[in-house]
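Asker: Enclosed is the structure file coords-v2.txt (compact mmCIF, C-alpha atoms).
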```txt
# COMPACT_ATOMS: atom_id res chain seq x y z
CA MET A 295 -34.63 64.78 3.42
CA THR A 296 -34.97 61.09 3.94
CA GLN A 297 -32.38 58.84 5.45
CA PRO A 298 -31.84 55.47 3.88
CA PRO A 299 -33.21 52.78 6.15
CA LEU A 300 -30.59 51.27 8.42
CA GLN A 301 -29.67 47.79 7.39
CA SER A 302 -30.02 45.49 10.33
CA PHE A 303 -27.74 42.56 9.98
CA PRO A 304 -27.95 39.65 10.14
CA ALA A 305 -31.67 39.44 10.97
CA SER A 306 -33.88 41.69 8.85
CA ALA A 307 -37.42 42.59 9.88
CA ASP A 308 -38.78 40.12 7.38
CA ALA A 309 -36.63 37.40 8.74
CA GLN A 310 -37.67 38.24 12.31
CA SER A 311 -41.32 37.80 11.44
CA ALA A 312 -40.57 34.66 9.48
CA LEU A 313 -38.85 33.26 12.54
CA ALA A 314 -41.79 34.24 14.72
CA ASP A 315 -44.21 32.55 12.30
CA ALA A 316 -42.18 29.42 12.41
CA ALA A 317 -42.90 29.24 16.14
CA PHE A 318 -39.41 28.58 17.31
CA VAL A 319 -36.98 30.93 18.98
CA VAL A 320 -33.36 31.32 18.08
CA GLU A 321 -31.35 33.69 20.16
CA LEU A 322 -28.60 35.53 18.40
CA GLU A 323 -25.95 33.71 20.30
CA SER A 324 -23.22 31.83 18.61
CA PHE A 325 -23.73 28.13 18.37
CA SER A 326 -20.74 25.97 18.97
CA GLY A 327 -21.54 23.98 15.84
CA PRO A 328 -24.27 22.56 13.60
CA LEU A 329 -25.12 19.80 16.10
CA ASP A 330 -25.54 22.46 18.77
CA LEU A 331 -27.98 24.36 16.55
CA LEU A 332 -29.83 21.19 15.61
CA LEU A 333 -30.18 20.15 19.24
CA HIS A 334 -31.40 23.63 20.07
CA LEU A 335 -34.15 23.39 17.45
CA ILE A 336 -35.20 19.96 18.65
CA ARG A 337 -35.18 20.81 22.36
CA GLU A 338 -36.83 24.19 21.82
CA GLN A 339 -39.81 22.54 20.15
CA GLU A 340 -39.82 19.57 22.50
CA ILE A 341 -39.41 17.16 19.64
CA ASP A 342 -38.84 13.48 20.37
CA ILE A 343 -35.28 12.91 19.30
CA ALA A 344 -36.12 9.37 18.23
CA ASP A 345 -38.75 10.63 15.82
CA ILE A 346 -37.49 13.84 14.31
CA PRO A 347 -39.82 15.44 11.73
CA ILE A 348 -36.87 15.75 9.40
CA ALA A 349 -38.54 17.88 6.71
CA ARG A 350 -39.56 20.57 9.21
CA ILE A 351 -36.23 20.55 11.04
CA ALA A 352 -34.29 20.71 7.77
CA ASP A 353 -36.26 23.77 6.66
CA GLN A 354 -35.80 25.49 10.00
CA PHE A 355 -32.10 24.68 10.01
CA LEU A 356 -31.63 26.23 6.57
CA GLN A 357 -33.62 29.27 7.59
CA VAL A 358 -31.59 29.85 10.73
CA ILE A 359 -28.17 29.47 9.16
CA GLU A 360 -29.18 31.94 6.51
CA GLU A 361 -30.48 34.45 9.06
CA LEU A 362 -27.47 34.09 11.32
CA GLY A 363 -25.07 34.41 8.42
CA LEU A 364 -23.79 30.92 9.15
CA ASN A 365 -24.44 29.78 5.60
CA GLN A 366 -20.85 30.60 4.81
CA ALA A 367 -19.55 28.06 7.28
CA ALA A 368 -18.75 24.73 5.68
CA GLU A 369 -19.76 22.75 8.75
CA TYR A 370 -23.28 24.19 8.74
CA LEU A 371 -23.61 23.69 5.01
CA GLU A 372 -22.51 20.10 5.34
CA MET A 373 -25.15 19.49 7.98
CA ALA A 374 -27.77 21.22 5.82
CA ALA A 375 -26.88 18.91 2.94
CA ARG A 376 -27.07 15.90 5.24
CA LEU A 377 -30.52 16.93 6.48
CA LEU A 378 -31.80 17.40 2.94
CA ARG A 379 -30.46 14.01 1.97
CA ILE A 380 -32.24 12.35 4.89
CA LYS A 381 -35.40 14.25 3.99
CA ILE A 382 -35.25 12.80 0.50
CA GLN A 383 -34.49 9.31 1.76
CA MET A 384 -37.55 9.50 3.99
CA LEU A 385 -39.67 10.20 0.92
CA LEU A 386 -38.44 7.16 -0.98
CA PRO A 387 -40.95 4.34 -1.12
CA ARG A 388 -40.12 1.47 1.19
CA SER A 389 -40.20 -2.12 0.14
CA ALA A 390 -43.44 -3.88 0.86
CA ASP A 391 -42.18 -6.24 3.55
CA GLY A 392 -40.51 -3.36 5.44
CA ASP A 393 -37.99 -5.67 7.10
CA GLU A 394 -34.93 -4.34 5.39
CA TRP A 395 -35.78 -0.69 5.90
CA GLU A 396 -33.25 1.22 7.91
CA ASP A 397 -34.27 4.58 9.30
CA PRO A 398 -32.16 7.14 7.43
CA ARG A 399 -32.28 9.30 10.57
CA ALA A 400 -30.60 6.66 12.73
CA GLU A 401 -27.04 7.88 12.22
CA LEU A 402 -28.06 11.48 12.86
CA VAL A 403 -29.90 10.50 16.03
CA ARG A 404 -26.88 8.57 17.26
CA ARG A 405 -24.66 11.60 16.66
CA LEU A 406 -27.11 13.95 18.34
CA LEU A 407 -27.35 11.76 21.42
CA GLU A 408 -23.62 11.36 21.56
CA TYR A 409 -23.19 15.10 21.27
CA GLU A 410 -25.80 15.75 23.91
CA GLN A 411 -23.94 13.42 26.22
CA ILE A 412 -20.74 15.37 25.63
CA ARG A 413 -22.66 18.57 26.34
CA GLU A 414 -23.83 17.18 29.65
CA VAL A 415 -20.29 16.22 30.61
CA ALA A 416 -19.13 19.65 29.48
CA GLN A 417 -21.65 21.24 31.84
CA TRP A 418 -20.36 19.07 34.66
CA LEU A 419 -16.80 20.16 33.84
CA VAL A 420 -17.84 23.82 33.89
CA GLU A 421 -19.29 23.37 37.36
CA ARG A 422 -16.16 21.62 38.59
CA ALA A 423 -13.91 24.28 37.10
CA SER A 424 -15.88 27.11 38.62
CA ASP A 425 -15.86 25.39 42.01
CA ARG A 426 -12.10 24.96 41.77
CA ALA A 427 -11.72 28.56 40.60
CA ALA A 428 -13.41 29.69 43.79
CA ARG A 429 -10.62 28.14 45.82
CA PHE A 430 -7.30 29.85 45.33
CA HIS A 431 -3.95 28.21 45.65
CA ARG A 432 -0.84 29.94 46.81
CA GLY A 433 0.37 32.21 44.05
CA TRP A 434 3.44 31.49 42.09
CA VAL A 435 6.27 33.74 43.15
CA PRO A 436 8.95 34.18 40.52
CA GLU A 437 12.46 33.48 41.72
CA PRO A 438 14.22 36.72 42.58
CA ALA A 439 16.96 37.74 40.18
CA GLU A 440 20.32 36.68 41.56
CA ARG A 441 21.47 40.23 42.22
CA PRO A 442 21.29 43.33 40.06
CA PRO A 443 24.41 43.51 37.92
CA PRO A 444 26.85 46.27 39.01
CA GLU A 445 26.72 49.50 37.10
CA VAL A 446 29.07 49.54 34.16
CA VAL A 447 31.96 52.00 34.60
CA ILE A 448 34.12 52.53 31.54
CA ASP A 449 37.53 54.17 31.46
CA LEU A 450 39.97 54.35 28.58
CA ASP A 451 42.62 52.15 30.21
CA SER A 452 40.27 49.24 30.77
CA ILE A 453 38.98 49.47 27.21
CA LEU A 454 42.51 49.41 25.82
CA GLU A 455 43.41 46.59 28.15
CA ALA A 456 40.42 44.61 26.97
CA ALA A 457 41.23 45.34 23.34
CA GLU A 458 44.79 44.15 23.91
CA ARG A 459 43.54 40.94 25.48
CA VAL A 460 41.32 40.33 22.49
CA VAL A 461 44.08 41.02 20.00
CA GLU A 462 46.46 38.75 21.89
CA GLY A 463 43.97 36.01 21.97
CA MET A 464 43.43 36.12 18.24
CA PRO A 465 45.00 33.14 16.53
CA GLN A 466 47.98 34.01 14.43
CA PRO A 467 47.16 33.82 10.79
CA ILE A 468 48.30 30.42 9.62
CA ILE A 469 50.35 30.68 6.48
CA HIS A 470 51.02 27.44 4.72
CA ARG A 471 54.32 27.10 3.01
CA ALA A 472 53.60 25.82 -0.41
CA VAL A 473 56.04 23.02 -1.16
CA PRO A 474 55.67 21.88 -4.74
CA ARG A 475 57.66 18.67 -4.28
CA PRO A 476 58.14 17.81 -0.66
CA LEU A 477 59.75 14.52 -1.57
CA ASP A 478 63.16 14.93 -3.14
CA VAL A 479 64.20 11.39 -4.06
CA GLU A 480 66.76 12.56 -6.61
CA GLY A 481 68.43 14.83 -4.08
CA ALA A 482 68.50 12.04 -1.53
CA THR A 483 69.99 9.64 -4.11
CA ARG A 484 72.76 12.13 -4.91
CA ARG A 485 73.48 12.62 -1.19
CA ILE A 486 73.65 8.85 -0.57
CA GLU A 487 75.97 8.37 -3.56
CA ALA A 488 78.21 11.11 -2.21
CA LEU A 489 78.25 9.52 1.24
CA LEU A 490 79.03 6.09 -0.23
CA VAL A 491 82.09 7.51 -1.92
CA GLU A 492 83.54 8.10 1.54
CA HIS A 493 82.05 5.13 3.41
CA ASP A 494 81.64 1.54 2.26
CA ARG A 495 78.98 1.06 4.84
CA ILE A 496 76.82 3.62 6.42
CA ASP A 497 73.93 3.45 8.88
CA PHE A 498 70.60 4.74 7.56
CA ARG A 499 70.34 7.04 10.61
CA LEU A 500 73.49 8.82 9.51
CA ILE A 501 72.07 9.28 6.01
CA VAL A 502 68.97 11.09 7.23
CA GLY A 503 70.77 12.84 10.04
CA GLU A 504 69.31 14.16 13.25
CA ARG A 505 65.98 16.02 13.34
CA ALA A 506 65.23 15.18 9.79
CA HIS A 507 61.94 16.29 8.36
CA VAL A 508 59.53 13.49 7.65
CA ALA A 509 59.66 14.33 3.95
CA ASP A 510 63.46 13.99 3.95
CA ILE A 511 63.26 10.62 5.73
CA ILE A 512 60.77 9.32 3.22
CA SER A 513 62.85 10.68 0.33
CA ALA A 514 65.93 8.94 1.69
CA LEU A 515 64.05 5.68 2.23
CA ILE A 516 62.66 5.69 -1.30
CA ALA A 517 66.11 6.51 -2.67
CA VAL A 518 67.68 3.65 -0.70
CA LEU A 519 65.03 1.18 -1.83
CA GLU A 520 65.39 2.31 -5.42
CA MET A 521 69.18 2.03 -5.31
CA ALA A 522 68.91 -1.42 -3.74
CA ARG A 523 66.53 -2.46 -6.47
CA LEU A 524 69.04 -1.31 -9.08
CA GLY A 525 71.69 -3.34 -7.28
CA MET A 526 73.80 -0.29 -6.46
CA ILE A 527 73.65 -1.02 -2.74
CA ALA A 528 72.85 -3.81 -0.31
CA LEU A 529 70.71 -3.35 2.74
CA ILE A 530 71.68 -5.12 5.92
CA GLN A 531 69.22 -5.22 8.77
CA THR A 532 70.29 -7.26 11.79
CA ARG A 533 66.93 -7.36 13.65
CA PRO A 534 63.36 -6.57 12.85
CA PHE A 535 62.41 -2.89 13.12
CA GLY A 536 66.04 -2.03 13.88
CA SER A 537 68.00 0.44 11.83
CA PHE A 538 69.80 -0.88 8.80
CA THR A 539 73.09 -0.42 7.13
CA VAL A 540 73.59 0.59 3.56
CA ALA A 541 76.55 -1.16 1.93
CA ASN A 542 78.10 0.01 -1.30
CA GLU A 543 77.82 -2.82 -3.79
CA SER A 544 79.50 -1.02 -6.64
CA ALA A 545 82.51 -0.03 -4.55
CA ASP A 546 84.60 -2.91 -5.75
CA ARG A 547 83.77 -2.31 -9.33
CA THR A 548 84.33 1.39 -9.28
CA ALA A 549 87.37 1.18 -7.12
CA MET B 291 0.58 19.80 66.00
CA ASN B 292 3.39 17.29 65.72
CA GLN B 293 6.67 17.90 64.02
CA LEU B 294 5.74 16.07 60.80
CA THR B 295 2.43 17.93 60.45
CA GLY B 296 4.28 21.22 60.77
CA LEU B 297 6.76 20.11 58.14
CA LEU B 298 3.93 19.22 55.76
CA GLU B 299 2.26 22.57 56.32
CA ALA B 300 5.54 24.33 55.53
CA ALA B 301 5.92 22.27 52.35
CA PHE B 302 2.38 23.09 51.19
CA PHE B 303 3.02 26.74 51.93
CA SER B 304 6.19 26.65 49.82
CA ALA B 305 4.67 24.97 46.79
CA PRO B 306 2.37 26.67 44.30
CA ARG B 307 1.11 23.25 43.06
CA PRO B 308 -0.22 20.00 44.53
CA LEU B 309 2.40 17.81 46.21
CA SER B 310 2.24 14.08 45.60
CA LEU B 311 2.66 11.48 48.31
CA GLY B 312 5.99 10.65 46.70
CA GLU B 313 7.21 14.19 47.19
CA LEU B 314 5.99 14.25 50.78
CA ARG B 315 7.91 11.01 51.51
CA VAL B 316 11.16 12.71 50.48
CA LEU B 317 10.58 15.43 53.08
CA GLU B 318 11.02 13.01 55.95
CA PRO B 319 12.53 9.68 54.98
CA GLU B 320 12.07 8.39 58.54
CA ALA B 321 8.30 8.76 58.34
CA SER B 322 6.21 5.80 57.23
CA ASP B 323 3.22 6.19 54.93
CA GLU B 324 1.07 5.63 57.98
CA ASP B 325 2.82 8.56 59.72
CA LEU B 326 2.26 10.74 56.64
CA ARG B 327 -1.42 9.81 56.47
CA ARG B 328 -1.84 10.64 60.14
CA ALA B 329 -0.05 13.97 59.71
CA LEU B 330 -2.18 14.83 56.66
CA ASP B 331 -5.33 13.97 58.64
CA GLU B 332 -4.14 16.14 61.48
CA LEU B 333 -3.46 19.05 59.15
CA ARG B 334 -6.86 18.62 57.47
CA ASP B 335 -8.62 18.56 60.86
CA PHE B 336 -6.61 21.55 61.99
CA TYR B 337 -7.79 23.59 58.99
CA ASP B 338 -11.34 22.30 59.22
CA SER B 339 -11.80 23.27 62.84
CA GLY B 340 -11.92 26.79 64.12
CA GLY B 341 -12.83 28.91 61.10
CA ARG B 342 -9.58 28.75 59.17
CA GLY B 343 -9.44 30.45 55.77
CA VAL B 344 -7.75 27.55 54.03
CA GLN B 345 -8.32 23.83 53.69
CA LEU B 346 -6.32 20.77 52.72
CA VAL B 347 -7.63 19.37 49.45
CA GLU B 348 -6.75 16.11 47.72
CA LEU B 349 -6.51 16.65 43.98
CA ALA B 350 -4.55 15.79 40.85
CA ASP B 351 -2.82 12.84 42.49
CA GLY B 352 -1.61 14.97 45.38
CA PHE B 353 -2.48 17.38 48.14
CA GLN B 354 -2.75 21.14 48.12
CA VAL B 355 -3.82 23.84 50.55
CA LEU B 356 -6.53 25.99 48.98
CA THR B 357 -8.56 28.92 50.22
CA ARG B 358 -12.17 28.30 51.16
CA ARG B 359 -14.95 28.96 48.67
CA GLU B 360 -16.72 31.49 50.89
CA TYR B 361 -13.81 33.93 50.67
CA ALA B 362 -13.42 33.76 46.89
CA GLU B 363 -15.73 36.67 46.10
CA ALA B 364 -14.06 39.13 48.47
CA ILE B 365 -10.54 38.17 47.44
CA ALA B 366 -11.36 38.43 43.73
CA GLU B 367 -13.22 41.74 44.26
CA ALA B 368 -10.18 43.17 46.00
CA ARG B 369 -8.11 42.09 42.99
CA ILE B 370 -5.73 40.17 45.15
CA VAL B 371 -5.95 37.29 42.70
CA HIS B 372 -7.37 36.99 39.23
CA ARG B 373 -9.86 34.28 38.56
CA PRO B 374 -8.78 32.08 35.68
CA ARG B 375 -10.15 32.87 32.26
CA LYS B 376 -13.32 30.97 31.45
CA LEU B 377 -13.15 28.40 28.69
CA SER B 378 -15.36 28.70 25.62
CA ALA B 379 -18.17 26.19 25.03
CA ALA B 380 -16.13 24.73 22.17
CA ALA B 381 -13.10 24.29 24.43
CA ILE B 382 -15.11 22.63 27.22
CA GLU B 383 -16.85 20.26 24.80
CA THR B 384 -13.51 19.34 23.29
CA LEU B 385 -12.06 18.72 26.75
CA ALA B 386 -15.03 16.51 27.58
CA ILE B 387 -14.44 14.42 24.46
CA ILE B 388 -10.73 14.10 25.11
CA ALA B 389 -11.28 13.23 28.78
CA TYR B 390 -13.53 10.30 27.88
CA ARG B 391 -12.03 9.13 24.61
CA GLN B 392 -8.32 9.56 25.26
CA PRO B 393 -6.07 8.88 23.54
CA VAL B 394 -8.06 10.52 20.76
CA GLY B 395 -7.19 12.18 17.46
CA ARG B 396 -8.54 15.37 15.98
CA ALA B 397 -10.67 13.55 13.42
CA GLU B 398 -12.73 11.82 16.11
CA ILE B 399 -13.20 15.07 18.03
CA GLU B 400 -14.36 16.76 14.84
CA GLU B 401 -16.73 13.94 14.06
CA ILE B 402 -18.41 14.16 17.46
CA ARG B 403 -18.65 17.94 17.55
CA GLY B 404 -19.33 18.38 13.84
CA VAL B 405 -16.86 21.25 13.53
CA SER B 406 -13.17 21.73 12.89
CA ALA B 407 -11.12 21.19 16.05
CA ASP B 408 -7.84 22.62 14.85
CA GLY B 409 -7.76 25.91 16.73
CA VAL B 410 -9.39 24.71 19.90
CA VAL B 411 -7.09 21.71 20.28
CA ARG B 412 -4.04 23.89 19.87
CA SER B 413 -5.27 26.44 22.40
CA LEU B 414 -6.06 23.70 24.94
CA GLN B 415 -2.58 22.34 24.42
CA ASP B 416 -1.06 25.81 24.82
CA ARG B 417 -2.87 26.19 28.11
CA GLY B 418 -1.53 22.85 29.31
CA PHE B 419 -4.88 21.07 29.70
CA ILE B 420 -4.11 18.44 27.08
CA ASP B 421 -1.00 17.07 25.48
CA VAL B 422 0.06 14.77 22.70
CA VAL B 423 0.19 11.25 24.11
CA GLY B 424 0.96 9.27 20.99
CA ARG B 425 0.26 8.68 17.36
CA GLY B 426 -2.59 6.80 15.78
CA GLU B 427 -2.30 3.94 13.34
CA GLY B 428 -4.28 5.55 10.54
CA LEU B 429 -3.28 7.52 7.49
CA GLY B 430 -0.57 10.04 8.31
CA ARG B 431 -0.20 8.63 11.82
CA PRO B 432 -2.38 11.36 13.40
CA LEU B 433 -1.45 12.88 16.76
CA LEU B 434 -3.43 11.53 19.69
CA TYR B 435 -4.30 13.73 22.63
CA GLY B 436 -4.90 13.07 26.33
CA THR B 437 -5.59 15.16 29.41
CA THR B 438 -2.80 16.36 31.71
CA PRO B 439 -2.51 16.33 35.52
CA TYR B 440 -2.77 20.11 35.27
CA LEU B 441 -6.33 19.74 33.96
CA LEU B 442 -7.22 17.65 37.02
CA GLU B 443 -5.68 20.37 39.15
CA MET B 444 -7.78 23.02 37.44
CA LEU B 445 -10.95 20.95 37.87
CA GLY B 446 -10.15 20.02 41.46
CA LEU B 447 -10.34 16.31 40.64
CA LYS B 448 -8.27 13.57 42.25
CA GLY B 449 -8.25 11.58 39.06
CA LEU B 450 -10.11 10.79 35.85
CA SER B 451 -12.10 8.16 37.75
CA GLU B 452 -14.02 11.03 39.34
CA LEU B 453 -15.54 11.99 36.00
CA PRO B 454 -19.22 11.00 35.85
CA ARG B 455 -19.75 7.56 34.36
CA LEU B 456 -21.51 7.73 31.02
CA ASP B 457 -24.37 5.55 32.26
CA GLU B 458 -24.93 8.05 35.07
CA LEU B 459 -25.71 10.83 32.62
CA SER B 460 -29.32 11.71 31.92
CA VAL B 461 -28.64 11.23 28.22
CA ALA B 462 -27.60 7.63 28.05
CA LEU B 463 -26.72 6.42 24.61
CA ARG B 464 -29.33 3.95 23.51
CA PRO B 465 -28.39 1.22 21.13
CA LEU B 466 -29.67 1.91 17.63
CA ALA B 467 -31.87 -1.18 17.74
CA ASP B 468 -34.05 0.56 20.33
CA LEU B 469 -34.96 3.35 17.94
CA PRO B 470 -38.54 3.13 16.80
CA GLU B 471 -38.97 2.17 13.20
CA GLY B 472 -40.48 4.62 10.78
```
What is this file in structure tokens?

Answerer:
Amino acid sequence: MTQPPLQSFPASADAQSALADAAFVVELESFSGPLDLLLHLIREQEIDIADIPIARIADQFLQVIEELGLNQAAEYLEMAARLLRIKIQMLLPRSADGDEWEDPRAELVRRLLEYEQIREVAQWLVERASDRAARFHRGWVPEPAERPPPEVVIDLDSILEAAERVVEGMPQPIIHRAVPRPLDVEGATRRIEALLVEHDRIDFRLIVGERAHVADIISALIAVLEMARLGMIALIQTRPFGSFTVANESADRTA
Amino acid sequence: MNQLTGLLEAAFFSAPRPLSLGELRVLEPEASDEDLRRALDELRDFYDSGGRGVQLVELADGFQVLTRREYAEAIAEARIVHRPRKLSAAAIETLAIIAYRQPVGRAEIEEIRGVSADGVVRSLQDRGFIDVVGRGEGLGRPLLYGTTPYLLEMLGLKGLSELPRLDELSVALRPLADLPEG
């Protein structure tokens, strides 16, 4: 009985030997990005960063991302495409004078150097952080809770008392009285006419009476104004904003 | 030890973070800055002489009493304190970029590192090492990030000026014109 061979992932035996043939070593550690991998390849083979053999590096880069299963990551694929493009640009014939030729690797080199600089600073930061981590500061002590809350003791009386307090505190339901016609000008007119039968002159305050509702006052006022307009009464006001007197104009005629 | 030095020691003992000169002034309004400096020197000398376990350190725009390096191993072994979690390479690289380029947006960080910075920026912000310091001018007014005083505290730096100057690094950026042709 034969067991199926164990699949070793991501690096198969073939790939291992291929990597060995290529004479560069890639440890199965995770790279922090395509630039990291690229720098690794360059530094590992002691390549002059200013004169990168782009065709070789591009091939190695592709090989590694495939072996490490990184060929799914967009960032690595983008770098692979960039390397291939530079490789092609390097193959293009240059103009005879050569003055205008710009090294297609220049931008990549600038980025690699910039990245390497960041890596160096990062290393410095790691050292500083580990030095600081070896010196402890006084620990943070959380503020003690004010005091443990007293145990809850429940008896029927206190529950009922509480319920009563709640019920008492509830706002009374507000029921609006629906008044279809709060202003009753006709009623007020009839009342004024009745009053004028007895009095030739009557003060407006007496017409509305004490503690009159605002609707009654307005009804009376409208009635008075309407009657004055019709010439049934005269309005006599002795000073601004003072009360006024209603005088019966038709008294003489009816009398 | 004079009265003011004792007061400072008590303040440092009470605080789990660095205390700025401004905060120390409030402790004793009568004391001049010269008095405070003298008291801080006295406290530093006091800790530095006679095998004390702690030292007075100037960091993050303030002063803090820290334990000495030589005792770190034993204290951590005994699980009296936990050493802080180590940052990933991606996080440290991102911090390095932000420290030098601040205020800097995510796009620039991604361009330098060649990878997406979304997760790492958020985690650095969650841990309080960086914070949003403004918005850029470009499309969508991108958030710009900068380092916090807490980062300085965690690195044991007095200020950003203590970061190595770029021309001091072994990899100095050469102008493109210097690149050999061909």

Asker: Check every residue of chain A for an atom within 8 Å of chain B, counting only C-alpha atoms, and provide those that qualify as number ranges by chain.

Answerer: A: 326-329, 344-345, 369, 396-397, 400, 404-405, 407-416, 419-420, 422-434

Asker: Restricting the calculation to only C-alpha atoms, which member of B:Met291, B:Ala368, B:Ala301, B:Leu309 is positioned closest to B:Tyr337?

Answerer: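 Closest to B:Tyr337 of all the choices is B:Met291.
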
Asker: Can you list, as an mmCIF file with C-alpha atoms, keeping the file's coordinate frame, every protein, DNA or RNA residue that comes within 12 Å of A:Ala522 when you count only C-alpha atoms, leaving out same-chain residues fewer than 3 positions away?

Answerer:
```cif
data_model
loop_
_atom_site.group_PDB
_atom_site.id
_atom_site.type_symbol
_atom_site.label_atom_id
_atom_site.label_comp_id
_atom_site.auth_asym_id
_atom_site.auth_seq_id
_atom_site.Cartn_x
_atom_site.Cartn_y
_atom_site.Cartn_z
ATOM 1 C CA THR A 483 69.990 9.640 -4.110
ATOM 2 C CA ILE A 486 73.650 8.850 -0.570
ATOM 3 C CA LEU A 515 64.050 5.680 2.230
ATOM 4 C CA ILE A 516 62.660 5.690 -1.300
ATOM 5 C CA ALA A 517 66.110 6.510 -2.670
ATOM 6 C CA VAL A 518 67.680 3.650 -0.700
ATOM 7 C CA LEU A 519 65.030 1.180 -1.830
ATOM 8 C CA GLY A 525 71.690 -3.340 -7.280
ATOM 9 C CA MET A 526 73.800 -0.290 -6.460
ATOM 10 C CA ILE A 527 73.650 -1.020 -2.740
ATOM 11 C CA ALA A 528 72.850 -3.810 -0.310
ATOM 12 C CA LEU A 529 70.710 -3.350 2.740
ATOM 13 C CA ILE A 530 71.680 -5.120 5.920
ATOM 14 C CA THR A 539 73.090 -0.420 7.130
ATOM 15 C CA VAL A 540 73.590 0.590 3.560
ATOM 16 C CA ALA A 541 76.550 -1.160 1.930
ATOM 17 C CA ASN A 542 78.100 0.010 -1.300
ATOM 18 C CA GLU A 543 77.820 -2.820 -3.790
ATOM 19 C CA SER A 544 79.500 -1.020 -6.640
#
```

Asker: Work out how far apart atom CA of A:Glu360 and atom CA of A:Glu338 are and give it in Å to one decimal.

Answerer: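 Taking atom CA of A:Glu360 and atom CA of A:Glu338, their separation equals 18.8 Å.
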
Asker: What is the distance, in Å and to one decimal place, between atom CA of A:Val479 and atom CA of A:Glu520?

Answerer: 9.3 Å

Asker: Determine the nearest neighbour of B:Phe336 from the options B:Pro319, B:Pro439, B:Glu452, B:Glu299, counting all atoms listed in the file.

Answerer: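 Selected residue with least distance to B:Phe336: B:Glu299.
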
Asker: Which residue out of B:Phe353, B:Ser451, B:Glu332, B:Asp325 has the minimum interatomic distance to B:Ser310 when all atoms listed in the file are used?

Answerer: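 The answer is B:Phe353, which sits nearest to B:Ser310.
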
Asker: Could you check how far atom CA of B:Gly352 sits from atom CA of B:Leu311, in Å to one decimal?

Answerer: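 Atom-to-atom, atom CA of B:Gly352 to atom CA of B:Leu311, that is 6.2 Å.
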
Asker: Looking at B:Leu349, B:Leu298, B:Ile399, B:Ile388, which one is nearest to B:Ala329, with distances taken over only C-alpha atoms?

Answerer: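 Answer, going by the shortest atom-to-atom distance: B:Leu298.
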